[in-house]
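Heads up, upload25.cif below (mmCIF, C-alpha atoms):
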```cif
data_entry
#
loop_
_atom_site.group_PDB
_atom_site.id
_atom_site.type_symbol
_atom_site.label_atom_id
_atom_site.label_comp_id
_atom_site.auth_asym_id
_atom_site.auth_seq_id
_atom_site.Cartn_x
_atom_site.Cartn_y
_atom_site.Cartn_z
ATOM 1 C CA MET A 1 54.258 49.592 21.526
ATOM 2 C CA LYS A 2 52.753 51.412 18.541
ATOM 3 C CA LYS A 3 54.893 49.418 16.146
ATOM 4 C CA LEU A 4 53.790 46.137 17.735
ATOM 5 C CA ARG A 5 50.091 47.120 17.363
ATOM 6 C CA VAL A 6 50.544 47.857 13.665
ATOM 7 C CA ILE A 7 52.227 44.491 13.084
ATOM 8 C CA THR A 8 49.421 42.665 14.917
ATOM 9 C CA GLN A 9 46.711 44.384 12.876
ATOM 10 C CA HIS A 10 48.523 43.537 9.666
ATOM 11 C CA PHE A 11 48.890 39.922 10.789
ATOM 12 C CA ASN A 12 45.149 39.605 11.555
ATOM 13 C CA LYS A 13 44.135 41.009 8.179
ATOM 14 C CA ARG A 14 46.478 38.625 6.418
ATOM 15 C CA ASN A 15 45.012 35.631 8.309
ATOM 16 C CA ILE A 16 41.481 36.615 7.354
ATOM 17 C CA ILE A 17 42.420 36.963 3.683
ATOM 18 C CA MET A 18 44.172 33.582 3.702
ATOM 19 C CA ALA A 19 41.198 31.911 5.395
ATOM 20 C CA LEU A 20 38.765 33.309 2.835
ATOM 21 C CA ALA A 21 41.010 32.175 0.005
ATOM 22 C CA LEU A 22 41.191 28.679 1.494
ATOM 23 C CA VAL A 23 37.399 28.445 1.769
ATOM 24 C CA ALA A 24 37.007 29.539 -1.850
ATOM 25 C CA LEU A 25 39.536 26.927 -2.939
ATOM 26 C CA VAL A 26 37.697 24.154 -1.064
ATOM 27 C CA VAL A 27 34.385 25.145 -2.686
ATOM 28 C CA VAL A 28 35.964 25.037 -6.144
ATOM 29 C CA PHE A 29 37.407 21.553 -5.551
ATOM 30 C CA MET A 30 34.110 20.236 -4.163
ATOM 31 C CA LYS A 31 32.224 21.516 -7.195
ATOM 32 C CA TYR A 32 34.823 19.997 -9.502
ATOM 33 C CA ASP A 33 34.590 16.598 -7.777
ATOM 34 C CA LEU A 34 30.781 16.630 -7.983
ATOM 35 C CA VAL A 35 30.791 17.470 -11.681
ATOM 36 C CA THR A 36 33.432 14.802 -12.323
ATOM 37 C CA ALA A 37 31.389 12.204 -10.442
ATOM 38 C CA MET A 38 28.247 13.046 -12.405
ATOM 39 C CA ASP A 39 30.214 12.760 -15.644
ATOM 40 C CA ILE A 40 31.271 9.261 -14.615
ATOM 41 C CA ILE A 41 27.988 7.829 -13.310
ATOM 42 C CA GLY A 42 25.616 9.928 -15.409
ATOM 43 C CA GLU A 43 22.300 11.430 -14.418
ATOM 44 C CA PRO A 44 20.091 9.102 -12.340
ATOM 45 C CA ASP A 45 17.196 7.482 -14.212
ATOM 46 C CA TYR A 46 14.242 7.759 -11.885
ATOM 47 C CA ASN A 47 12.074 5.712 -14.251
ATOM 48 C CA SER A 48 14.330 2.675 -14.219
ATOM 49 C CA PRO A 49 13.270 -0.405 -12.201
ATOM 50 C CA VAL A 50 14.650 -0.777 -8.705
ATOM 51 C CA ASP A 51 15.882 -4.277 -7.927
ATOM 52 C CA GLU A 52 15.015 -5.846 -4.583
ATOM 53 C CA ASP A 53 12.505 -3.101 -3.811
ATOM 54 C CA VAL A 54 9.622 -4.672 -1.912
ATOM 55 C CA ASN A 55 7.401 -1.712 -2.756
ATOM 56 C CA ARG A 56 7.559 -2.367 -6.475
ATOM 57 C CA TYR A 57 6.111 -5.120 -8.618
ATOM 58 C CA GLU A 58 7.280 -5.892 -12.137
ATOM 59 C CA PRO A 59 4.529 -7.546 -14.179
ATOM 60 C CA ASP A 60 5.456 -8.861 -17.604
ATOM 61 C CA GLY A 61 4.734 -6.238 -20.234
ATOM 62 C CA ASP A 62 3.187 -3.731 -17.831
ATOM 63 C CA GLU A 63 4.357 -0.643 -16.026
ATOM 64 C CA TYR A 64 5.722 -0.603 -12.527
ATOM 65 C CA TYR A 65 3.172 -0.156 -9.794
ATOM 66 C CA ASP A 66 4.724 2.009 -7.104
ATOM 67 C CA ASN A 67 3.165 1.278 -3.736
ATOM 68 C CA ASP A 68 5.018 4.263 -2.251
ATOM 69 C CA SER A 69 2.423 6.509 -3.892
ATOM 70 C CA LEU A 70 -0.526 4.114 -4.181
ATOM 71 C CA GLY A 71 -1.036 1.258 -1.756
ATOM 72 C CA VAL A 72 -3.072 -1.778 -2.821
ATOM 73 C CA PHE A 73 -3.618 -4.295 -0.065
ATOM 74 C CA LEU A 74 -6.075 -6.740 1.459
ATOM 75 C CA ILE A 75 -7.938 -5.760 4.625
ATOM 76 C CA GLU A 76 -10.582 -7.449 6.762
ATOM 77 C CA TYR A 77 -14.033 -6.849 5.325
ATOM 78 C CA ASP A 78 -16.373 -4.605 7.299
ATOM 79 C CA GLU A 79 -19.603 -3.091 5.967
ATOM 80 C CA ALA A 80 -18.872 0.127 7.868
ATOM 81 C CA GLN A 81 -15.783 0.716 5.741
ATOM 82 C CA ILE A 82 -17.788 1.013 2.521
ATOM 83 C CA GLU A 83 -21.034 2.602 3.685
ATOM 84 C CA ASN A 84 -19.957 6.082 2.533
ATOM 85 C CA PHE A 85 -18.930 4.906 -0.940
ATOM 86 C CA ILE A 86 -21.051 4.371 -4.029
ATOM 87 C CA VAL A 87 -21.103 1.286 -6.238
ATOM 88 C CA ALA A 88 -19.357 2.040 -9.528
ATOM 89 C CA ASN A 89 -21.586 1.070 -12.439
ATOM 90 C CA VAL A 90 -19.970 -1.535 -14.695
ATOM 91 C CA ALA A 91 -20.966 -0.831 -18.296
ATOM 92 C CA GLU A 92 -19.293 -3.918 -19.753
ATOM 93 C CA ALA A 93 -17.733 -7.086 -18.345
ATOM 94 C CA THR A 94 -15.857 -9.749 -20.313
ATOM 95 C CA ASP A 95 -13.894 -12.890 -19.490
ATOM 96 C CA SER A 96 -11.162 -14.801 -21.282
ATOM 97 C CA SER A 97 -13.160 -18.005 -20.755
ATOM 98 C CA HIS A 98 -16.077 -19.372 -18.753
ATOM 99 C CA LEU A 99 -17.669 -22.740 -18.218
ATOM 100 C CA VAL A 100 -20.449 -23.934 -20.527
ATOM 101 C CA THR A 101 -21.898 -27.273 -19.410
ATOM 102 C CA SER A 102 -23.117 -30.088 -21.641
ATOM 103 C CA LYS A 103 -26.653 -28.935 -20.855
ATOM 104 C CA GLY A 104 -25.860 -25.438 -22.105
ATOM 105 C CA ASN A 105 -25.645 -23.771 -18.688
ATOM 106 C CA GLU A 106 -23.155 -20.890 -18.700
ATOM 107 C CA TYR A 107 -21.160 -19.289 -15.898
ATOM 108 C CA PRO A 108 -19.943 -15.936 -17.337
ATOM 109 C CA VAL A 109 -18.353 -13.006 -15.517
ATOM 110 C CA ALA A 110 -21.735 -11.250 -15.531
ATOM 111 C CA ASN A 111 -22.700 -13.583 -12.680
ATOM 112 C CA CYS A 112 -20.186 -11.720 -10.500
ATOM 113 C CA LEU A 113 -22.236 -8.522 -10.795
ATOM 114 C CA ASP A 114 -25.732 -9.714 -9.851
ATOM 115 C CA ASN A 115 -25.501 -9.483 -6.030
ATOM 116 C CA ASP A 116 -26.343 -13.173 -5.821
ATOM 117 C CA LEU A 117 -23.831 -15.458 -4.105
ATOM 118 C CA SER A 118 -25.505 -18.562 -5.525
ATOM 119 C CA THR A 119 -24.401 -17.592 -9.055
ATOM 120 C CA MET A 120 -20.775 -17.283 -10.093
ATOM 121 C CA TRP A 121 -18.131 -17.072 -12.773
ATOM 122 C CA GLN A 122 -16.392 -20.396 -13.406
ATOM 123 C CA ASP A 123 -13.347 -20.736 -15.614
ATOM 124 C CA GLY A 124 -13.665 -22.572 -18.904
ATOM 125 C CA GLU A 125 -10.074 -23.775 -19.092
ATOM 126 C CA ASP A 126 -8.641 -27.221 -18.510
ATOM 127 C CA GLY A 127 -7.422 -27.464 -14.942
ATOM 128 C CA TYR A 128 -7.973 -24.649 -12.480
ATOM 129 C CA GLY A 129 -7.972 -21.769 -14.931
ATOM 130 C CA GLU A 130 -4.714 -20.088 -13.983
ATOM 131 C CA GLY A 131 -4.205 -17.180 -16.362
ATOM 132 C CA SER A 132 -7.922 -16.456 -16.748
ATOM 133 C CA GLU A 133 -8.701 -12.753 -17.016
ATOM 134 C CA LEU A 134 -11.815 -10.773 -16.130
ATOM 135 C CA LYS A 135 -12.242 -7.236 -17.482
ATOM 136 C CA PHE A 136 -14.595 -4.524 -16.269
ATOM 137 C CA SER A 137 -15.298 -1.151 -17.908
ATOM 138 C CA PHE A 138 -17.134 1.729 -16.215
ATOM 139 C CA ASP A 139 -19.426 4.337 -17.752
ATOM 140 C CA ASP A 140 -16.843 7.035 -17.070
ATOM 141 C CA ASP A 141 -13.747 7.710 -14.994
ATOM 142 C CA VAL A 142 -14.388 6.891 -11.345
ATOM 143 C CA ARG A 143 -12.361 7.497 -8.221
ATOM 144 C CA LEU A 144 -11.969 3.878 -7.185
ATOM 145 C CA ARG A 145 -11.478 3.206 -3.470
ATOM 146 C CA CYS A 146 -11.877 -0.536 -2.983
ATOM 147 C CA ILE A 147 -12.879 -3.829 -4.583
ATOM 148 C CA ARG A 148 -15.067 -6.323 -2.727
ATOM 149 C CA ILE A 149 -14.610 -9.912 -3.857
ATOM 150 C CA PHE A 150 -16.001 -13.321 -2.935
ATOM 151 C CA GLY A 151 -13.239 -15.524 -4.309
ATOM 152 C CA GLY A 152 -15.038 -18.845 -4.529
ATOM 153 C CA SER A 153 -18.441 -20.444 -4.804
ATOM 154 C CA GLY A 154 -20.868 -18.718 -2.460
ATOM 155 C CA LYS A 155 -23.626 -21.248 -2.998
ATOM 156 C CA SER A 156 -22.785 -23.117 0.218
ATOM 157 C CA GLU A 157 -19.820 -23.880 2.448
ATOM 158 C CA LYS A 158 -19.693 -27.361 0.929
ATOM 159 C CA LYS A 159 -19.558 -25.989 -2.628
ATOM 160 C CA TYR A 160 -16.975 -23.406 -1.585
ATOM 161 C CA PHE A 161 -14.434 -26.054 -0.611
ATOM 162 C CA GLU A 162 -15.364 -28.544 -3.351
ATOM 163 C CA ASN A 163 -14.424 -26.034 -6.089
ATOM 164 C CA GLY A 164 -11.252 -24.056 -6.705
ATOM 165 C CA ARG A 165 -10.894 -20.694 -4.921
ATOM 166 C CA VAL A 166 -8.907 -17.717 -6.133
ATOM 167 C CA ARG A 167 -5.577 -17.197 -4.359
ATOM 168 C CA ASP A 168 -3.019 -14.987 -6.179
ATOM 169 C CA ILE A 169 -4.481 -12.364 -8.484
ATOM 170 C CA THR A 170 -3.133 -9.393 -10.385
ATOM 171 C CA VAL A 171 -5.285 -6.281 -10.334
ATOM 172 C CA VAL A 172 -4.624 -4.051 -13.359
ATOM 173 C CA ILE A 173 -5.917 -0.484 -13.236
ATOM 174 C CA ASP A 174 -5.300 1.554 -16.393
ATOM 175 C CA ASP A 175 -2.199 -0.523 -17.268
ATOM 176 C CA LEU A 176 -0.802 -0.353 -13.725
ATOM 177 C CA ALA A 177 -0.551 -3.833 -12.207
ATOM 178 C CA CYS A 178 -0.339 -5.001 -8.620
ATOM 179 C CA PRO A 179 -0.447 -8.482 -7.053
ATOM 180 C CA VAL A 180 -2.878 -9.365 -4.276
ATOM 181 C CA VAL A 181 -3.023 -12.622 -2.301
ATOM 182 C CA LEU A 182 -6.517 -13.556 -1.126
ATOM 183 C CA GLU A 183 -7.129 -15.672 1.939
ATOM 184 C CA ASP A 184 -8.944 -19.002 1.722
ATOM 185 C CA TYR A 185 -12.007 -17.488 3.347
ATOM 186 C CA ASN A 186 -15.655 -18.364 2.738
ATOM 187 C CA GLY A 187 -16.853 -14.766 2.672
ATOM 188 C CA TYR A 188 -16.213 -11.306 1.268
ATOM 189 C CA GLN A 189 -12.703 -9.848 1.204
ATOM 190 C CA LEU A 190 -11.806 -6.221 0.597
ATOM 191 C CA ILE A 191 -8.989 -4.984 -1.642
ATOM 192 C CA TRP A 192 -8.241 -1.445 -0.485
ATOM 193 C CA LEU A 193 -6.757 1.228 -2.764
ATOM 194 C CA ASP A 194 -4.880 3.803 -0.711
ATOM 195 C CA GLY A 195 -4.522 6.843 -2.965
ATOM 196 C CA ASP A 196 -6.164 8.821 -5.749
ATOM 197 C CA VAL A 197 -7.139 6.133 -8.248
ATOM 198 C CA TYR A 198 -9.054 7.484 -11.245
ATOM 199 C CA CYS A 199 -9.808 4.896 -13.912
ATOM 200 C CA ASP A 200 -12.407 3.706 -16.393
ATOM 201 C CA ASP A 201 -11.475 0.019 -16.453
ATOM 202 C CA VAL A 202 -10.098 -2.735 -14.233
ATOM 203 C CA ALA A 203 -8.775 -6.194 -15.111
ATOM 204 C CA ILE A 204 -8.251 -9.100 -12.735
ATOM 205 C CA THR A 205 -6.013 -12.036 -13.662
ATOM 206 C CA VAL A 206 -6.079 -15.326 -11.756
ATOM 207 C CA ASN A 207 -2.497 -16.454 -11.134
ATOM 208 C CA SER A 208 -3.008 -19.334 -8.703
ATOM 209 C CA VAL A 209 -5.823 -20.988 -6.748
ATOM 210 C CA TYR A 210 -6.667 -22.969 -3.646
ATOM 211 C CA THR A 211 -7.508 -26.386 -5.097
ATOM 212 C CA GLY A 212 -10.963 -27.912 -4.699
ATOM 213 C CA SER A 213 -11.671 -31.197 -2.950
ATOM 214 C CA GLU A 214 -13.938 -32.426 -5.782
ATOM 215 C CA TYR A 215 -13.755 -30.196 -8.862
ATOM 216 C CA GLU A 216 -11.152 -28.288 -10.844
ATOM 217 C CA ASP A 217 -13.488 -25.402 -11.648
ATOM 218 C CA THR A 218 -12.343 -22.122 -10.093
ATOM 219 C CA CYS A 219 -15.154 -19.804 -9.026
ATOM 220 C CA ILE A 220 -15.726 -16.156 -8.162
ATOM 221 C CA SER A 221 -19.239 -15.404 -6.917
ATOM 222 C CA GLU A 222 -19.156 -11.623 -6.579
ATOM 223 C CA ILE A 223 -17.006 -8.605 -7.468
ATOM 224 C CA THR A 224 -18.131 -5.093 -6.557
ATOM 225 C CA PHE A 225 -16.282 -1.831 -7.182
ATOM 226 C CA PHE A 226 -16.734 1.031 -4.727
ATOM 227 C CA ALA A 227 -15.952 4.636 -5.632
ATOM 228 C CA GLU A 228 -16.255 8.180 -4.295
#
```
If you took the structure in this file and wrote it as structure tokens, what would it be?
Amino acid sequence: MKKLRVITQHFNKRNIIMALALVALVVVFMKYDLVTAMDIIGEPDYNSPVDEDVNRYEPDGDEYYDNDSLGVFLIEYDEAQIENFIVANVAEATDSSHLVTSKGNEYPVANCLDNDLSTMWQDGEDGYGEGSELKFSFDDDVRLRCIRIFGGSGKSEKKYFENGRVRDITVVIDDLACPVVLEDYNGYQLIWLDGDVYCDDVAITVNSVYTGSEYEDTCISEITFFAE
């Protein structure tokens, strides 16, 4: 009986040693396979564009705008949503073109900043002004929260539908670009920025429009920037 007990103890110790050795061997092979795989595929490039990613937009010549970290989207306008924000002061506003009539009347981007829906910016291009760009610079860096826009003529409902209305736009904030599709709505719309957006300038490019029933002039009556 004593001899049998000694043999059993020896057998158990040997099994434990073999098991530990097997585990160590598996770990070594796993590490080797991982290193080999990394040698083959290389380190991942987290800055490279991701194809077919609905959360990313690739504007020509601009950086990627990652909506995973900063959402930019259109929401229904409600005064209560902006009552706790302040209006960011625009120090300078420029446009790539604006209408100058034969009588010398001008429709510059400054008309978008006067809190008067009867005045407006109108493009100065042939056709509907696709590609027109409006630029706004602030006094200093602001924490931008939303952009309120009236994307057509606010003079009257009749004038709204007679002229072109903004549809697809690209909002560029400090070289980060994001597309927004406005509704064909005779009223204010709100572009909401979901994240910490600190900037000192914003550009808006008109990509496409809702066509007018009478005129090819595309209008924007008001643009207001709200910050914290």
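Each of A:Cys199, A:Leu176, A:Cys146, A:Ile204 was compared to Gln81 of chain A using only C-alpha atoms, and A:Cys146 turns out to be the nearest.
With all atoms listed in the file as the atoms that count, the minimum distance from Ser156 of chain A to the choices A:Ala203, A:Ile223, A:Val100, A:Leu117 is reached by A:Leu117.
All polymer residues at most 7 Å from (-11.6, -10.8, 4.5), using only C-alpha atoms, appear as A:Ile75, A:Glu76, A:Tyr77, A:Tyr185, A:Gly187, A:Tyr188, A:Gln189, A:Leu190.
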Contact residues around Gly127 of chain A with only C-alpha atoms at 12 Å, ignoring same-chain residues under 2 positions, as a short mmCIF file (atom, residue, chain, number, x, y, z; two decimals) with C-alpha atoms, in the coordinates of the input:
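The new file part05.cif reads:
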```cif
data_model
loop_
_atom_site.label_atom_id
_atom_site.label_comp_id
_atom_site.auth_asym_id
_atom_site.auth_seq_id
_atom_site.Cartn_x
_atom_site.Cartn_y
_atom_site.Cartn_z
CA LEU A 99 -17.67 -22.74 -18.22
CA GLN A 122 -16.39 -20.40 -13.41
CA ASP A 123 -13.35 -20.74 -15.61
CA GLY A 124 -13.66 -22.57 -18.90
CA GLU A 125 -10.07 -23.78 -19.09
CA GLY A 129 -7.97 -21.77 -14.93
CA GLU A 130 -4.71 -20.09 -13.98
CA GLY A 131 -4.20 -17.18 -16.36
CA SER A 132 -7.92 -16.46 -16.75
CA ASN A 163 -14.42 -26.03 -6.09
CA GLY A 164 -11.25 -24.06 -6.70
CA SER A 208 -3.01 -19.33 -8.70
CA VAL A 209 -5.82 -20.99 -6.75
CA THR A 211 -7.51 -26.39 -5.10
CA GLY A 212 -10.96 -27.91 -4.70
CA TYR A 215 -13.76 -30.20 -8.86
CA GLU A 216 -11.15 -28.29 -10.84
CA ASP A 217 -13.49 -25.40 -11.65
CA THR A 218 -12.34 -22.12 -10.09
#
```
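Nearest to Asp78 of chain A of all the residues A:Trp192, A:Tyr210, A:Phe138, A:Phe225 is A:Trp192, counting only C-alpha atoms.
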Checklist outcome for this item: Correct to one decimal, the distance atom CA of Val90 of chain A-atom CA of Leu113 of chain A is 8.3 Å
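Proximity of A:Val206, A:Arg143, A:Glu92, A:Arg148 to Asp168 of chain A, computed with only C-alpha atoms, is greatest for A:Val206.
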Checklist entry - Which is closer to Tyr128 of chain A than all the others in A:Asn186, A:Thr170, A:Asn207, A:Ser153, using all atoms listed in the file? => result A:Asn207
Next on the checklist: Counting all atoms listed in the file, I want the residues whose atoms come within 6 Å of (-15.1, 4.9, -2.8) in the file frame, returned as a ChimeraX atom specification.
Outcome noted: /A:85,144-145,226-228
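Here the question is which of A:Leu74, A:Val202, A:Leu193, A:Met120 gets nearest to Asp175 of chain A using only C-alpha atoms, and that residue is A:Val202.
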Checklist entry - By how many Å are atom CA of Val172 of chain A and atom CA of Ser137 of chain A apart? => result 12.0 Å
Using 3 Å of padding on each side, determine the axis-aligned box around all atoms of segment 90-98 of chain A present in the file and give its centre and edge lengths in Å to one decimal, as AutoDock Vina command-line options.
```
--center_x -16.1 --center_y -10.1 --center_z -18.0 --size_x 15.8 --size_y 24.5 --size_z 12.6
```
Item to check | Separation of atom CA of Leu134 of chain A from atom CA of Val171 of chain A in Å | outcome: 9.8 Å
